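Heads up, coords-v5.txt below (compact mmCIF, C-alpha atoms):
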# COMPACT_ATOMS: atom_id res chain seq x y z
CA MET A 1 24.53 74.38 97.94
CA LYS A 2 24.75 71.53 100.45
CA GLU A 3 26.14 69.21 97.76
CA ALA A 4 29.06 71.61 97.24
CA LEU A 5 30.13 71.04 100.85
CA ALA A 6 31.13 67.48 99.92
CA GLY A 7 33.38 68.51 97.02
CA GLU A 8 33.02 66.87 93.64
CA LEU A 9 33.84 63.73 91.71
CA VAL A 10 36.52 64.44 89.12
CA GLY A 11 37.75 61.79 86.68
CA ASN A 12 38.27 58.64 88.74
CA GLY A 13 38.58 60.53 92.01
CA HIS A 14 37.38 63.37 94.18
CA ARG A 15 38.31 66.97 95.04
CA LEU A 16 37.42 68.81 98.24
CA TRP A 17 38.33 72.35 99.25
CA GLN A 18 38.86 73.35 102.87
CA ARG A 19 39.90 76.63 104.49
CA VAL A 20 42.60 76.57 107.16
CA TYR A 21 41.22 78.01 110.40
CA TYR A 22 42.99 79.29 113.48
CA GLU A 23 42.19 76.02 115.28
CA ASP A 24 44.21 74.13 112.64
CA THR A 25 47.42 76.04 113.34
CA ASP A 26 50.12 76.23 115.96
CA PHE A 27 51.23 79.44 117.66
CA SER A 28 53.05 80.60 114.53
CA GLY A 29 50.04 80.35 112.20
CA VAL A 30 51.34 77.22 110.44
CA VAL A 31 49.11 74.14 110.18
CA TYR A 32 49.96 71.66 112.93
CA HIS A 33 51.13 68.37 111.36
CA ALA A 34 48.39 66.20 112.87
CA ARG A 35 45.66 68.42 111.40
CA TYR A 36 46.56 67.18 107.92
CA LEU A 37 45.17 63.80 108.98
CA HIS A 38 41.82 65.53 109.58
CA PHE A 39 41.89 67.08 106.11
CA LEU A 40 42.75 63.72 104.54
CA GLU A 41 39.92 62.03 106.46
CA ARG A 42 37.45 64.66 105.27
CA GLY A 43 38.58 64.04 101.70
CA ARG A 44 38.04 60.27 102.02
CA THR A 45 34.71 60.66 103.78
CA ASP A 46 33.32 63.11 101.25
CA TYR A 47 34.62 60.94 98.39
CA LEU A 48 32.50 58.09 99.74
CA ARG A 49 29.56 60.47 100.19
CA CYS A 50 29.81 61.66 96.57
CA LEU A 51 29.93 58.03 95.39
CA GLY A 52 26.61 57.47 97.20
CA ILE A 53 28.08 55.41 100.05
CA ASN A 54 26.28 56.22 103.28
CA GLN A 55 28.74 55.18 106.00
CA GLY A 56 26.10 55.39 108.74
CA ALA A 57 23.75 53.05 106.89
CA LEU A 58 26.66 50.76 106.03
CA ALA A 59 27.67 50.53 109.69
CA ASP A 60 24.07 49.87 110.77
CA GLY A 61 23.65 47.12 108.17
CA GLN A 62 21.34 47.50 105.21
CA GLU A 63 19.38 45.26 102.88
CA GLY A 64 19.91 42.28 105.17
CA ARG A 65 23.70 42.73 105.34
CA GLU A 66 25.84 42.73 108.43
CA GLY A 67 27.11 46.15 109.47
CA LEU A 68 30.56 47.11 108.26
CA ALA A 69 32.88 50.08 108.34
CA PHE A 70 35.93 51.48 106.59
CA VAL A 71 39.00 51.79 108.82
CA VAL A 72 42.49 53.09 108.10
CA TYR A 73 44.74 50.05 107.90
CA HIS A 74 47.99 51.73 106.84
CA MET A 75 49.17 55.21 105.87
CA ASP A 76 52.34 56.60 104.32
CA ILE A 77 52.53 60.37 104.35
CA ALA A 78 55.13 62.84 103.12
CA PHE A 79 55.05 66.41 104.38
CA ARG A 80 56.40 68.59 101.56
CA ALA A 81 55.39 72.14 102.55
CA ALA A 82 53.32 73.92 105.18
CA ALA A 83 49.91 75.56 104.93
CA ARG A 84 49.06 78.71 106.86
CA MET A 85 45.96 80.21 108.37
CA ASP A 86 43.33 81.24 105.79
CA ASP A 87 44.88 79.15 102.99
CA ILE A 88 42.40 77.27 100.81
CA LEU A 89 43.47 73.64 100.52
CA GLU A 90 42.53 71.24 97.76
CA ILE A 91 42.31 67.64 98.98
CA ALA A 92 42.47 65.14 96.10
CA THR A 93 41.58 61.47 96.58
CA GLU A 94 41.96 58.79 93.90
CA PRO A 95 41.65 55.01 94.14
CA GLU A 96 44.72 53.02 93.12
CA ARG A 97 43.87 49.36 93.66
CA MET A 98 41.59 47.06 95.59
CA THR A 99 41.75 43.59 97.05
CA GLY A 100 38.80 41.83 98.63
CA VAL A 101 39.10 43.67 101.95
CA ARG A 102 41.50 46.56 101.26
CA LEU A 103 41.33 49.70 99.15
CA VAL A 104 44.45 51.77 98.44
CA LEU A 105 43.85 55.49 97.92
CA ASN A 106 46.29 58.14 96.78
CA GLN A 107 45.70 61.48 98.43
CA LYS A 108 47.38 64.83 98.10
CA ILE A 109 46.83 68.25 99.57
CA THR A 110 47.77 71.30 97.54
CA CYS A 111 47.47 75.05 97.96
CA ASN A 112 47.72 77.30 94.90
CA ASP A 113 49.23 74.41 92.88
CA ARG A 114 51.91 73.92 95.58
CA GLN A 115 52.07 70.34 96.84
CA LEU A 116 51.87 70.21 100.64
CA ILE A 117 51.10 66.57 101.45
CA VAL A 118 51.28 63.28 99.56
CA ALA A 119 49.73 60.22 101.19
CA LYS A 120 49.01 56.63 100.30
CA VAL A 121 46.22 55.34 102.51
CA THR A 122 45.05 51.75 102.76
CA VAL A 123 41.57 51.36 104.18
CA ALA A 124 40.00 48.04 105.05
CA THR A 125 36.43 46.94 105.59
CA VAL A 126 35.64 45.40 108.96
CA ASP A 127 32.54 43.98 110.58
CA ARG A 128 31.13 45.07 113.93
CA GLN A 129 33.62 42.85 115.75
CA GLY A 130 36.53 44.48 113.92
CA ARG A 131 37.25 41.45 111.71
CA LEU A 132 38.33 42.04 108.12
CA VAL A 133 35.48 41.33 105.69
CA ARG A 134 35.14 41.51 101.93
CA MET A 135 33.66 44.73 100.61
CA PRO A 136 30.24 44.15 99.03
CA LYS A 137 30.53 43.92 95.22
CA ASP A 138 28.11 46.76 94.54
CA THR A 139 30.11 49.05 96.84
CA ALA A 140 33.47 47.92 95.39
CA GLN A 141 32.26 48.64 91.84
CA LEU A 142 31.71 52.31 92.70
CA PHE A 143 35.50 52.83 92.81
CA GLY A 144 35.90 51.85 89.16
CA LEU A 145 38.79 49.45 89.78

Could you write out this file's structure as structure tokens?
Amino acid sequence: MKEALAGELVGNGHRLWQRVYYEDTDFSGVVYHARYLHFLERGRTDYLRCLGINQGALADGQEGREGLAFVVYHMDIAFRAAARMDDILEIATEPERMTGVRLVLNQKITCNDRQLIVAKVTVATVDRQGRLVRMPKDTAQLFGL
């Protein structure tokens, strides 16, 4: 059951389902625009979790490596339609391309096959001082790019 909380790997990407709660909405019951960033972050985080990437261990350093973290470097987002309280959202995350330090992910949020959000998110790997660093090869290979 706990594994289901993190969604599932599908094809070359990941799917996560989230319910819209009262706290996600404005006074009219529509999801507040900034809350979509939370849903997208949950999708990316659980994608990594399903790939076997433990972000806490990565940040602490493991197997003699320096600690590193994934940070959002750039984001383009298009708001196409609104979600409402109690909707069940599907957050899809798929890798597009990778350079040594950056990973581009395509994300979308849908509800009942209706596209709500389309986002292109570039994440980068940084060390503990915030400097860009190359993603370890074994981690990079998990994205299948």

Inset, instruction - Work out how far CA of Val133 in chain A is from CA of Glu41 in chain A, in Å to one decimal. - result: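 CA of Val133 in chain A lies at a distance of 21.2 Å from CA of Glu41 in chain A.
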
Legend entry - Gap from CA of Leu48 in chain A to CA of Asp60 in chain A - Å, one decimal: 16.1 Å

Inset, instruction - Between A:Met85, A:Leu40, A:Lys108, A:Val71, single out the one closest to Arg131 in chain A, counting only C-alpha atoms. - result: A:Val71

Inset, instruction - Grab the CA of Met135 in chain A to CA of Ile117 in chain A distance for me, in Å with one decimal place. - result: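 Computing it gives 28.0 Å between the two atoms.
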
Select from range 72-143 of chain A every residue with an atom at most 7 Å from any atom of range 24-37 of chain A, then for each give the shortest pair of atoms and their distance in Å to one decimal, using only C-alpha atoms, rows by chain and rising number, as a tab-separated table.
residue	atom	partner	partner_atom	distance
A:Ala82	CA	A:Val30	CA	6.5
A:Ala83	CA	A:Val31	CA	5.5
A:Arg84	CA	A:Val30	CA	4.5
A:Met85	CA	A:Gly29	CA	5.6

Inset, instruction - Extract, using all atoms listed in the file, all DNA, RNA and protein residues at most 10 Å from Tyr73 in chain A, discarding same-chain residues fewer than 2 positions from it, and format them as a list in words. - result: Phe70, Val71, Met75, Arg102, Leu103, Val104, Val121, Thr122, Val123, Ala124 and Thr125 of chain A

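Take the candidates A:Gly130, A:Ala78, A:Lys137, A:Phe143 and check each one against Ala59 in chain A using all atoms listed in the file; the shortest distance goes to A:Gly130.
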
Would you give me, as a tab-separated table, each residue of range 104-142 of chain A having an atom within 12 Å of an atom of range 4-21 of chain A, along with its shortest atom pair and that distance in Å to one decimal, using all atoms listed in the file and sorting by chain and residue number?
residue	atom	partner	partner_atom	distance
A:Leu105	CA	A:Gly13	CA	9.4
A:Asn106	CA	A:Gly13	CA	9.4
A:Gln107	CA	A:His14	CA	9.5
A:Lys108	CA	A:Arg15	CA	9.8
A:Ile109	CA	A:Trp17	CA	9.4
A:Thr110	CA	A:Trp17	CA	9.7
A:Cys111	CA	A:Trp17	CA	9.6
A:Asn112	CA	A:Trp17	CA	11.5
A:Leu142	CA	A:Asn12	CA	9.9
